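Q: Contents of work_39.pdb (PDB, C-alpha atoms):
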```
ATOM      1  CA  LYS X   1    -118.187 -18.946  10.945
ATOM      2  CA  SER X   2    -117.523 -21.549  13.635
ATOM      3  CA  TYR X   3    -114.809 -24.196  13.758
ATOM      4  CA  LEU X   4    -115.327 -27.801  14.863
ATOM      5  CA  ASP X   5    -113.412 -29.204  17.825
ATOM      6  CA  LYS X   6    -112.088 -31.996  15.606
ATOM      7  CA  GLN X   7    -110.598 -29.477  13.183
ATOM      8  CA  ILE X   8    -108.985 -27.539  16.000
ATOM      9  CA  ALA X   9    -107.536 -30.757  17.474
ATOM     10  CA  LEU X  10    -106.053 -31.674  14.089
ATOM     11  CA  SER X  11    -104.448 -28.257  13.787
ATOM     12  CA  ALA X  12    -102.860 -28.764  17.224
ATOM     13  CA  LYS X  13    -101.357 -32.034  16.046
ATOM     14  CA  LEU X  14    -100.049 -30.410  12.888
ATOM     15  CA  CYS X  15     -98.475 -27.566  14.894
ATOM     16  CA  GLU X  16     -96.728 -30.131  17.072
ATOM     17  CA  LEU X  17     -95.485 -32.191  14.111
ATOM     18  CA  ASN X  18     -94.345 -29.143  12.130
ATOM     19  CA  PRO X  19     -93.910 -26.098  14.407
ATOM     20  CA  GLU X  20     -93.003 -23.904  11.435
ATOM     21  CA  ALA X  21     -96.335 -24.489   9.674
ATOM     22  CA  ALA X  22     -97.497 -20.878   9.902
ATOM     23  CA  THR X  23    -100.826 -21.682   8.241
ATOM     24  CA  SER X  24    -101.736 -24.040  11.092
ATOM     25  CA  TRP X  25    -100.987 -21.414  13.730
ATOM     26  CA  ASN X  26    -103.005 -18.808  11.845
ATOM     27  CA  TYR X  27    -105.854 -21.315  11.594
ATOM     28  CA  ARG X  28    -105.843 -21.688  15.387
ATOM     29  CA  LYS X  29    -105.915 -17.921  15.854
ATOM     30  CA  ARG X  30    -108.915 -17.596  13.567
ATOM     31  CA  ALA X  31    -110.653 -20.577  15.163
ATOM     32  CA  THR X  32    -110.337 -19.369  18.744
ATOM     33  CA  LEU X  33    -111.434 -15.861  17.804
ATOM     34  CA  ALA X  34    -114.379 -17.064  15.717
ATOM     35  CA  ASN X  35    -115.623 -19.502  18.362
ATOM     36  CA  HIS X  36    -115.400 -17.172  21.332
ATOM     37  CA  ASN X  37    -115.456 -13.608  20.026
ATOM     38  CA  SER X  38    -118.155 -11.537  18.395
ATOM     39  CA  GLU X  39    -118.892  -7.912  17.631
ATOM     40  CA  SER X  40    -121.418  -7.839  20.460
ATOM     41  CA  THR X  41    -119.047  -9.440  23.008
ATOM     42  CA  PRO X  42    -115.397  -8.376  22.683
ATOM     43  CA  ILE X  43    -112.737 -10.602  24.219
ATOM     44  CA  GLY X  44    -112.229  -8.225  27.119
ATOM     45  CA  GLU X  45    -115.858  -8.710  28.171
ATOM     46  CA  LEU X  46    -115.862 -12.501  28.030
ATOM     47  CA  PRO X  47    -115.895 -14.448  31.330
ATOM     48  CA  ALA X  48    -112.459 -14.553  32.933
ATOM     49  CA  ASP X  49    -112.498 -18.343  33.290
ATOM     50  CA  LEU X  50    -113.189 -18.746  29.571
ATOM     51  CA  ARG X  51    -110.350 -16.422  28.583
ATOM     52  CA  VAL X  52    -107.937 -18.241  30.887
ATOM     53  CA  SER X  53    -109.071 -21.601  29.527
ATOM     54  CA  VAL X  54    -108.465 -20.538  25.925
ATOM     55  CA  ALA X  55    -105.088 -18.999  26.804
ATOM     56  CA  GLU X  56    -103.902 -22.088  28.642
ATOM     57  CA  ALA X  57    -105.014 -24.371  25.811
ATOM     58  CA  GLU X  58    -103.126 -22.335  23.208
ATOM     59  CA  LEU X  59    -100.025 -22.056  25.392
ATOM     60  CA  THR X  60    -100.079 -25.829  25.830
ATOM     61  CA  VAL X  61    -100.103 -26.327  22.054
ATOM     62  CA  SER X  62     -97.178 -23.923  21.713
ATOM     63  CA  GLU X  63     -95.311 -25.708  24.507
ATOM     64  CA  ALA X  64     -95.674 -29.051  22.735
ATOM     65  CA  ALA X  65     -94.344 -27.504  19.517
ATOM     66  CA  LEU X  66     -91.351 -26.004  21.319
ATOM     67  CA  LYS X  67     -90.425 -29.401  22.719
ATOM     68  CA  ARG X  68     -89.988 -30.543  19.120
ATOM     69  CA  ASN X  69     -88.322 -27.346  17.887
ATOM     70  CA  PRO X  70     -87.179 -24.949  20.637
ATOM     71  CA  LYS X  71     -86.324 -22.305  18.043
ATOM     72  CA  SER X  72     -89.619 -22.196  16.211
ATOM     73  CA  TYR X  73     -90.498 -18.612  15.302
ATOM     74  CA  CYS X  74     -94.180 -19.487  14.897
ATOM     75  CA  ALA X  75     -94.496 -21.213  18.269
ATOM     76  CA  TRP X  76     -92.824 -18.372  20.167
ATOM     77  CA  TYR X  77     -94.868 -15.738  18.358
ATOM     78  CA  HIS X  78     -98.072 -17.642  19.140
ATOM     79  CA  ARG X  79     -97.332 -17.313  22.864
ATOM     80  CA  ARG X  80     -97.071 -13.556  22.502
ATOM     81  CA  TRP X  81    -100.298 -13.455  20.556
ATOM     82  CA  VAL X  82    -102.077 -15.443  23.274
ATOM     83  CA  LEU X  83    -101.029 -13.069  26.035
ATOM     84  CA  ASP X  84    -101.721  -9.941  24.006
ATOM     85  CA  THR X  85    -105.129 -11.160  22.848
ATOM     86  CA  TRP X  86    -106.561 -13.225  25.689
ATOM     87  CA  ILE X  87    -104.901 -11.723  28.768
ATOM     88  CA  GLY X  88    -104.035  -8.147  27.859
ATOM     89  CA  LYS X  89    -104.093  -5.458  30.521
ATOM     90  CA  ASP X  90    -105.798  -7.800  33.006
ATOM     91  CA  PHE X  91    -102.556  -9.706  33.653
ATOM     92  CA  ALA X  92    -102.402  -8.635  37.316
ATOM     93  CA  VAL X  93    -105.981  -9.656  38.110
ATOM     94  CA  LYS X  94    -106.992 -13.135  39.232
ATOM     95  CA  PRO X  95    -107.189 -15.630  37.585
ATOM     96  CA  PHE X  96    -105.039 -14.109  34.827
ATOM     97  CA  ASP X  97    -102.057 -13.556  37.126
ATOM     98  CA  ALA X  98    -101.592 -17.321  37.478
ATOM     99  CA  VAL X  99    -101.082 -17.608  33.705
ATOM    100  CA  LEU X 100     -98.366 -14.952  33.752
ATOM    101  CA  GLU X 101     -96.706 -16.470  36.804
ATOM    102  CA  ARG X 102     -96.511 -19.819  35.072
ATOM    103  CA  GLU X 103     -95.112 -18.207  31.927
ATOM    104  CA  CYS X 104     -92.337 -16.483  33.885
ATOM    105  CA  THR X 105     -91.481 -19.736  35.670
ATOM    106  CA  LEU X 106     -91.487 -21.775  32.456
ATOM    107  CA  THR X 107     -89.301 -19.226  30.676
ATOM    108  CA  GLU X 108     -86.729 -19.285  33.467
ATOM    109  CA  GLN X 109     -86.696 -23.087  33.388
ATOM    110  CA  PHE X 110     -86.369 -23.050  29.608
ATOM    111  CA  LEU X 111     -83.426 -20.651  29.700
ATOM    112  CA  SER X 112     -81.769 -22.821  32.331
ATOM    113  CA  LEU X 113     -81.967 -25.781  29.936
ATOM    114  CA  ASP X 114     -81.163 -23.844  26.746
ATOM    115  CA  PRO X 115     -79.370 -20.657  27.871
ATOM    116  CA  ARG X 116     -78.362 -19.512  24.382
ATOM    117  CA  ASN X 117     -81.774 -19.657  22.718
ATOM    118  CA  PHE X 118     -82.339 -16.095  21.535
ATOM    119  CA  HIS X 119     -86.060 -16.783  21.102
ATOM    120  CA  GLY X 120     -86.297 -17.578  24.801
ATOM    121  CA  TRP X 121     -84.430 -14.429  25.758
ATOM    122  CA  GLY X 122     -86.600 -12.344  23.459
ATOM    123  CA  TYR X 123     -89.698 -13.817  25.061
ATOM    124  CA  ARG X 124     -88.284 -13.156  28.524
ATOM    125  CA  ARG X 125     -87.791  -9.481  27.624
ATOM    126  CA  TYR X 126     -91.314  -9.411  26.187
ATOM    127  CA  LEU X 127     -92.723 -10.823  29.454
ATOM    128  CA  ALA X 128     -90.756  -8.315  31.523
ATOM    129  CA  GLU X 129     -92.145  -5.446  29.475
ATOM    130  CA  PHE X 130     -95.642  -6.982  29.381
ATOM    131  CA  VAL X 131     -95.945  -7.068  33.185
ATOM    132  CA  GLY X 132     -93.945  -3.886  33.790
ATOM    133  CA  GLU X 133     -91.018  -5.660  35.402
ATOM    134  CA  THR X 134     -88.290  -3.460  36.875
ATOM    135  CA  PRO X 135     -84.667  -3.518  35.677
ATOM    136  CA  GLU X 136     -83.638  -4.521  39.195
ATOM    137  CA  THR X 137     -85.709  -7.698  38.953
ATOM    138  CA  GLU X 138     -84.111  -8.585  35.636
ATOM    139  CA  LEU X 139     -80.690  -7.885  37.124
ATOM    140  CA  ALA X 140     -81.406 -10.408  39.880
ATOM    141  CA  PHE X 141     -82.661 -12.875  37.253
ATOM    142  CA  SER X 142     -79.418 -12.612  35.272
ATOM    143  CA  ARG X 143     -77.400 -13.186  38.434
ATOM    144  CA  ARG X 144     -79.337 -16.367  39.228
ATOM    145  CA  LEU X 145     -78.555 -17.800  35.812
ATOM    146  CA  ILE X 146     -74.907 -16.759  35.996
ATOM    147  CA  GLU X 147     -74.502 -18.433  39.366
ATOM    148  CA  ARG X 148     -75.926 -21.641  37.880
ATOM    149  CA  ASP X 149     -73.650 -21.499  34.831
ATOM    150  CA  LEU X 150     -70.643 -19.160  34.789
ATOM    151  CA  SER X 151     -70.324 -19.659  31.032
ATOM    152  CA  ASN X 152     -73.836 -18.376  30.255
ATOM    153  CA  TYR X 153     -72.936 -15.707  27.692
ATOM    154  CA  SER X 154     -76.556 -14.683  27.216
ATOM    155  CA  ALA X 155     -77.070 -14.068  30.933
ATOM    156  CA  TRP X 156     -73.952 -11.875  31.061
ATOM    157  CA  HIS X 157     -75.196  -9.951  28.036
ATOM    158  CA  HIS X 158     -78.666  -9.578  29.558
ATOM    159  CA  ARG X 159     -77.002  -8.125  32.645
ATOM    160  CA  SER X 160     -75.144  -5.579  30.527
ATOM    161  CA  ALA X 161     -78.478  -4.592  28.941
ATOM    162  CA  VAL X 162     -80.327  -3.948  32.209
ATOM    163  CA  LEU X 163     -77.577  -2.564  34.457
ATOM    164  CA  PRO X 164     -77.501   0.907  32.804
ATOM    165  CA  ALA X 165     -81.287   1.107  33.060
ATOM    166  CA  CYS X 166     -81.041   0.704  36.831
ATOM    167  CA  HIS X 167     -79.135   3.991  36.894
ATOM    168  CA  GLY X 168     -80.794   6.346  34.452
ATOM    169  CA  SER X 169     -83.704   4.721  32.621
ATOM    170  CA  ALA X 170     -84.546   7.883  30.694
ATOM    171  CA  ALA X 171     -81.167   7.765  28.987
ATOM    172  CA  ILE X 172     -81.777   4.143  28.009
ATOM    173  CA  ALA X 173     -85.329   4.315  26.785
ATOM    174  CA  GLY X 174     -84.503   7.014  24.266
ATOM    175  CA  GLY X 175     -87.967   8.511  24.504
ATOM    176  CA  ASP X 176     -91.052   8.907  26.605
ATOM    177  CA  ALA X 177     -90.608   6.754  29.726
ATOM    178  CA  GLU X 178     -94.312   5.827  29.645
ATOM    179  CA  SER X 179     -94.286   4.624  26.074
ATOM    180  CA  GLU X 180     -90.893   2.922  26.112
ATOM    181  CA  SER X 181     -89.649  -0.027  28.095
ATOM    182  CA  ARG X 182     -87.651   1.083  31.121
ATOM    183  CA  TRP X 183     -84.747  -1.156  30.409
ATOM    184  CA  ARG X 184     -84.822  -2.163  26.738
ATOM    185  CA  GLY X 185     -82.128  -0.080  25.070
ATOM    186  CA  THR X 186     -79.558  -0.090  22.323
ATOM    187  CA  MET X 187     -75.848  -0.550  22.828
ATOM    188  CA  GLY X 188     -75.346   3.095  21.862
ATOM    189  CA  ALA X 189     -77.779   4.240  24.512
ATOM    190  CA  MET X 190     -76.030   2.071  27.076
ATOM    191  CA  SER X 191     -72.707   3.712  26.274
ATOM    192  CA  ALA X 192     -74.265   7.151  26.573
ATOM    193  CA  ALA X 193     -75.649   6.246  29.984
ATOM    194  CA  ALA X 194     -72.307   5.033  31.366
ATOM    195  CA  THR X 195     -71.835   8.098  33.545
ATOM    196  CA  HIS X 196     -75.152   7.328  35.268
ATOM    197  CA  ILE X 197     -73.702   4.172  36.815
ATOM    198  CA  PRO X 198     -71.996   4.932  40.139
ATOM    199  CA  ALA X 199     -68.455   3.737  40.693
ATOM    200  CA  ASP X 200     -69.610   1.671  43.673
ATOM    201  CA  THR X 201     -71.938  -0.290  41.402
ATOM    202  CA  LEU X 202     -69.126  -0.977  38.948
ATOM    203  CA  LEU X 203     -66.932  -2.148  41.813
ATOM    204  CA  GLU X 204     -69.676  -4.610  42.810
ATOM    205  CA  GLU X 205     -69.874  -5.849  39.221
ATOM    206  CA  GLN X 206     -66.116  -6.380  39.307
ATOM    207  CA  ASP X 207     -66.631  -8.684  42.290
ATOM    208  CA  LEU X 208     -69.152 -10.674  40.250
ATOM    209  CA  TRP X 209     -66.946 -11.230  37.194
ATOM    210  CA  PHE X 210     -63.949 -11.944  39.440
ATOM    211  CA  GLN X 211     -65.792 -14.798  41.165
ATOM    212  CA  ALA X 212     -66.467 -16.327  37.758
ATOM    213  CA  ALA X 213     -63.014 -15.649  36.294
ATOM    214  CA  VAL X 214     -61.060 -16.990  39.258
ATOM    215  CA  THR X 215     -63.156 -20.176  39.083
ATOM    216  CA  GLU X 216     -62.705 -20.657  35.323
ATOM    217  CA  PRO X 217     -59.834 -18.405  34.128
ATOM    218  CA  ALA X 218     -59.995 -19.806  30.593
ATOM    219  CA  ASP X 219     -63.732 -19.139  30.171
ATOM    220  CA  GLN X 220     -64.277 -16.135  27.935
ATOM    221  CA  ALA X 221     -67.779 -15.213  29.141
ATOM    222  CA  ALA X 222     -66.811 -13.447  32.372
ATOM    223  CA  TRP X 223     -63.850 -11.702  30.739
ATOM    224  CA  VAL X 224     -66.041 -10.179  28.020
ATOM    225  CA  TYR X 225     -68.259  -8.762  30.752
ATOM    226  CA  ALA X 226     -65.170  -7.606  32.667
ATOM    227  CA  ARG X 227     -64.011  -5.665  29.609
ATOM    228  CA  TRP X 228     -67.449  -4.041  29.328
ATOM    229  CA  VAL X 229     -67.399  -3.001  32.997
ATOM    230  CA  SER X 230     -63.876  -1.615  32.570
ATOM    231  CA  GLY X 231     -65.052   0.409  29.589
ATOM    232  CA  LEU X 232     -67.825   1.943  31.681
ATOM    233  CA  GLY X 233     -65.317   2.735  34.409
ATOM    234  CA  SER X 234     -63.014   4.504  31.968
ATOM    235  CA  ARG X 235     -65.861   6.867  31.008
ATOM    236  CA  LEU X 236     -66.739   7.948  34.531
ATOM    237  CA  GLU X 237     -66.527  11.705  34.937
ATOM    238  CA  ASP X 238     -64.819  11.650  38.337
ATOM    239  CA  PRO X 239     -61.045  10.972  37.974
ATOM    240  CA  GLU X 240     -60.895   9.374  41.420
ATOM    241  CA  ALA X 241     -63.772   7.050  40.526
ATOM    242  CA  ARG X 242     -62.030   6.052  37.287
ATOM    243  CA  ALA X 243     -58.864   5.313  39.233
ATOM    244  CA  ARG X 244     -60.714   3.128  41.763
ATOM    245  CA  VAL X 245     -62.217   0.969  39.024
ATOM    246  CA  ARG X 246     -58.869   0.670  37.211
ATOM    247  CA  GLU X 247     -56.977  -0.194  40.395
ATOM    248  CA  LYS X 248     -59.419  -2.978  41.181
ATOM    249  CA  ASP X 249     -59.111  -4.277  37.614
ATOM    250  CA  VAL X 250     -55.342  -4.484  38.005
ATOM    251  CA  LYS X 251     -55.535  -6.031  41.476
ATOM    252  CA  GLN X 252     -58.009  -8.750  40.498
ATOM    253  CA  ALA X 253     -56.147  -9.686  37.316
ATOM    254  CA  ARG X 254     -52.915 -10.017  39.322
ATOM    255  CA  GLU X 255     -54.634 -12.280  41.848
ATOM    256  CA  ILE X 256     -55.769 -14.626  39.082
ATOM    257  CA  LEU X 257     -52.312 -14.622  37.479
ATOM    258  CA  ALA X 258     -50.795 -15.545  40.835
ATOM    259  CA  LEU X 259     -52.811 -18.759  40.560
ATOM    260  CA  GLU X 260     -52.586 -19.212  36.769
ATOM    261  CA  PRO X 261     -49.461 -17.372  35.465
ATOM    262  CA  ASP X 262     -50.260 -18.089  31.804
ATOM    263  CA  ALA X 263     -54.018 -17.430  31.915
ATOM    264  CA  THR X 264     -54.516 -15.709  28.557
ATOM    265  CA  TRP X 265     -57.591 -13.667  29.398
ATOM    266  CA  ALA X 266     -56.128 -12.473  32.699
ATOM    267  CA  LEU X 267     -52.939 -11.394  30.919
ATOM    268  CA  VAL X 268     -54.953  -9.498  28.296
ATOM    269  CA  HIS X 269     -57.117  -7.833  30.930
ATOM    270  CA  LEU X 270     -54.151  -6.756  33.048
ATOM    271  CA  ALA X 271     -52.153  -5.459  30.085
ATOM    272  CA  ASN X 272     -55.102  -3.479  28.766
ATOM    273  CA  ALA X 273     -55.886  -2.061  32.222
ATOM    274  CA  LEU X 274     -52.290  -0.883  32.617
ATOM    275  CA  ALA X 275     -52.026   0.607  29.132
ATOM    276  CA  ALA X 276     -55.535   2.031  28.696
ATOM    277  CA  PRO X 277     -55.362   5.431  30.466
ATOM    278  CA  LEU X 278     -53.994   8.280  28.379
ATOM    279  CA  ASP X 279     -51.949   9.353  31.393
ATOM    280  CA  ALA X 280     -50.602   5.871  32.141
ATOM    281  CA  SER X 281     -47.112   5.969  33.625
ATOM    282  CA  GLU X 282     -44.133   4.731  31.654
ATOM    283  CA  ALA X 283     -43.697   1.940  34.218
ATOM    284  CA  ASP X 284     -47.241   0.739  33.555
ATOM    285  CA  ARG X 285     -46.714   0.903  29.795
ATOM    286  CA  GLU X 286     -43.489  -1.053  30.082
ATOM    287  CA  GLU X 287     -45.195  -3.748  32.141
ATOM    288  CA  ALA X 288     -47.976  -3.891  29.560
ATOM    289  CA  ARG X 289     -45.356  -4.445  26.833
ATOM    290  CA  ARG X 290     -43.869  -7.329  28.821
ATOM    291  CA  LEU X 291     -47.324  -8.836  29.239
ATOM    292  CA  TYR X 292     -48.028  -8.561  25.503
ATOM    293  CA  ALA X 293     -44.693 -10.307  24.849
ATOM    294  CA  GLN X 294     -45.703 -13.087  27.226
ATOM    295  CA  LEU X 295     -49.057 -13.366  25.459
ATOM    296  CA  ALA X 296     -47.288 -13.721  22.103
ATOM    297  CA  GLU X 297     -45.546 -16.776  23.526
ATOM    298  CA  VAL X 298     -48.512 -18.467  25.242
ATOM    299  CA  ASP X 299     -51.072 -17.582  22.534
ATOM    300  CA  VAL X 300     -49.017 -18.088  19.387
ATOM    301  CA  ASP X 301     -51.964 -17.928  16.974
ATOM    302  CA  ARG X 302     -52.519 -14.280  17.929
ATOM    303  CA  SER X 303     -48.897 -13.284  18.434
ATOM    304  CA  GLY X 304     -49.033 -10.702  15.646
ATOM    305  CA  MET X 305     -51.949  -8.934  17.317
ATOM    306  CA  TYR X 306     -50.152  -8.720  20.664
ATOM    307  CA  GLU X 307     -46.969  -7.449  18.997
ATOM    308  CA  GLU X 308     -48.989  -4.744  17.258
ATOM    309  CA  TRP X 309     -50.633  -3.730  20.546
ATOM    310  CA  ALA X 310     -47.197  -3.447  22.144
ATOM    311  CA  ARG X 311     -45.887  -1.273  19.301
ATOM    312  CA  THR X 312     -48.764   1.192  19.684
ATOM    313  CA  LEU X 313     -47.957   1.942  23.341
TER     314      LEU X 313
END
```
Hey, can you dump this file as structure tokens for me?
A:
Amino acid sequence: KSYLDKQIALSAKLCELNPEAATSWNYRKRATLANHNSESTPIGELPADLRVSVAEAELTVSEAALKRNPKSYCAWYHRRWVLDTWIGKDFAVKPFDAVLERECTLTEQFLSLDPRNFHGWGYRRYLAEFVGETPETELAFSRRLIERDLSNYSAWHHRSAVLPACHGSAAIAGGDAESESRWRGTMGAMSAAATHIPADTLLEEQDLWFQAAVTEPADQAAWVYARWVSGLGSRLEDPEARARVREKDVKQAREILALEPDATWALVHLANALAAPLDASEADREEARRLYAQLAEVDVDRSGMYEEWARTL
């Protein structure tokens, strides 16, 4: 069965007008396969220029739909289908590599405009796995987005997902390294891999969150990441390494409080850093209690929580 160009054009218009019309997207899949694929000539054996042409046409339709609804499940899934079906394992060969390069560029631009779109982040992870991207490349990508917008929660989270994989991918993948993505892991796997991250790396990550926190002390994004880094530091096997991470936590929080004495997140971070170790000195615990008392005054809505934290020391 063949499909007329007019019918295919109408389906493109319908996909743009209603990006969640799954029937229209499925119609396009069937149409492109029926018009260009046959039992005697599988897609992989079709001329490269034809495959690229079909892929670019379908990606353009999806792009138009995403402009209307950036969170359309159907439109994002169609992009994956296009790459899986019409590009496949030839992604590194010309002219297919140009399609993938454009996709990576478009995705980065999209996430710069809409940094909290989980569809976009899911597609970015799909692209990274599709082309065999390294965790180090994704780490650099997250840093670029963070430097553009210090409040990009998704970029901070993406960084927490790939950093452990840079230091012990086998522990992250949870299986055969050849069959699993090198850096796509669960939160549990990330916690288990904490001891694979060197203290020097954690100290560098402390520099990153400090730059963001000292710029915007009231912004929660960097402080959430700071707490995650501190948690990794507390699970390091080497006592001296744990102490180095903790000391830098305390030092950096004090520096921010010297500029903003009532900065809530800095107060919380310092108090927790002082009180966290099981062998914390009584002087540190007493200072933590004073900080919790100060927090109860500057953050009245959560005063009960801070008072409870102080009582448990």
Q: Return the single residue from X:His157, X:Arg290, X:Ile87, X:Ala263 that is closest to X:Tyr225, with distances computed using all atoms listed in the file.
A: X:His157
Q: If you apply the PyMOL selection byres ((chain X and resi 143-154) around 7) to this file, what residues do you get, as a PDB file with C-alpha atoms, in the coordinates of the input?
A:
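Final output, saved to expr_23.pdb:
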```pdb
ATOM      1  CA  SER X 112     -81.769 -22.821  32.331  1.00  0.00           C
ATOM      2  CA  PRO X 115     -79.370 -20.657  27.871  1.00  0.00           C
ATOM      3  CA  ARG X 116     -78.362 -19.512  24.382  1.00  0.00           C
ATOM      4  CA  LEU X 139     -80.690  -7.885  37.124  1.00  0.00           C
ATOM      5  CA  ALA X 140     -81.406 -10.408  39.880  1.00  0.00           C
ATOM      6  CA  PHE X 141     -82.661 -12.875  37.253  1.00  0.00           C
ATOM      7  CA  SER X 142     -79.418 -12.612  35.272  1.00  0.00           C
ATOM      8  CA  ALA X 155     -77.070 -14.068  30.933  1.00  0.00           C
ATOM      9  CA  TRP X 156     -73.952 -11.875  31.061  1.00  0.00           C
ATOM     10  CA  HIS X 157     -75.196  -9.951  28.036  1.00  0.00           C
ATOM     11  CA  HIS X 158     -78.666  -9.578  29.558  1.00  0.00           C
ATOM     12  CA  ALA X 212     -66.467 -16.327  37.758  1.00  0.00           C
ATOM     13  CA  ASP X 219     -63.732 -19.139  30.171  1.00  0.00           C
ATOM     14  CA  ALA X 221     -67.779 -15.213  29.141  1.00  0.00           C
TER      15      ALA X 221
END
```
Q: Using the chain letters and residue numbers of this document, give as a PyMOL selection string the residues selected by the PyMOL selection byres ((chain X and resi 79) around 9).
A: chain X and resi 55+58-59+62-63+74-78+80-84+123
Q: Write out the residues from the selection above, keeping C-alpha atoms, as a PDB file, in the frame of the given file.
A:
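The result, stored in part.pdb:
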```pdb
ATOM      1  CA  ALA X  55    -105.088 -18.999  26.804  1.00  0.00           C
ATOM      2  CA  GLU X  58    -103.126 -22.335  23.208  1.00  0.00           C
ATOM      3  CA  LEU X  59    -100.025 -22.056  25.392  1.00  0.00           C
ATOM      4  CA  SER X  62     -97.178 -23.923  21.713  1.00  0.00           C
ATOM      5  CA  GLU X  63     -95.311 -25.708  24.507  1.00  0.00           C
ATOM      6  CA  CYS X  74     -94.180 -19.487  14.897  1.00  0.00           C
ATOM      7  CA  ALA X  75     -94.496 -21.213  18.269  1.00  0.00           C
ATOM      8  CA  TRP X  76     -92.824 -18.372  20.167  1.00  0.00           C
ATOM      9  CA  TYR X  77     -94.868 -15.738  18.358  1.00  0.00           C
ATOM     10  CA  HIS X  78     -98.072 -17.642  19.140  1.00  0.00           C
ATOM     11  CA  ARG X  80     -97.071 -13.556  22.502  1.00  0.00           C
ATOM     12  CA  TRP X  81    -100.298 -13.455  20.556  1.00  0.00           C
ATOM     13  CA  VAL X  82    -102.077 -15.443  23.274  1.00  0.00           C
ATOM     14  CA  LEU X  83    -101.029 -13.069  26.035  1.00  0.00           C
ATOM     15  CA  ASP X  84    -101.721  -9.941  24.006  1.00  0.00           C
ATOM     16  CA  TYR X 123     -89.698 -13.817  25.061  1.00  0.00           C
TER      17      TYR X 123
END
```
Q: Can you measure atom CA of X:Thr264 to atom CA of X:Arg302 for me? One decimal in Å is fine.
A: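 Separating atom CA of X:Thr264 from atom CA of X:Arg302 is a distance of 10.9 Å.
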Q: Might you spell out which residues the PyMOL selection byres ((chain X and resi 291) around 9) would select in the displayed file, as a ChimeraX atom specification?
A: /X:267-268,270-271,286-290,292-296,310
Q: Would you mind telling me which residue in X:Leu14, X:Ala253, X:Ala243, X:Ala92 lies nearest to X:Ala226 when using all atoms listed in the file?
A: X:Ala253
Q: Would you kindly return, as a list in words, each protein, DNA or RNA residue with an atom no farther than 8 Å from any atom of X:Gly120, considering all atoms listed in the file and excluding same-chain residues fewer than 2 positions away?
A: Thr107, Phe110, Leu111, Asn117, Phe118, Gly122, Tyr123 and Arg124 of chain X
Q: May I ask which of the residues X:Phe210, X:Glu255, X:Leu313, X:Ala31 is the closest one to X:Ser281, counting all atoms listed in the file?
A: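 Of all the options, X:Leu313 lies closest to X:Ser281.
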Q: May I ask which of the residues X:Val250, X:Ile256, X:Ala12, X:Ala199 is the closest one to X:Val61, counting all atoms listed in the file?
A: X:Ala12
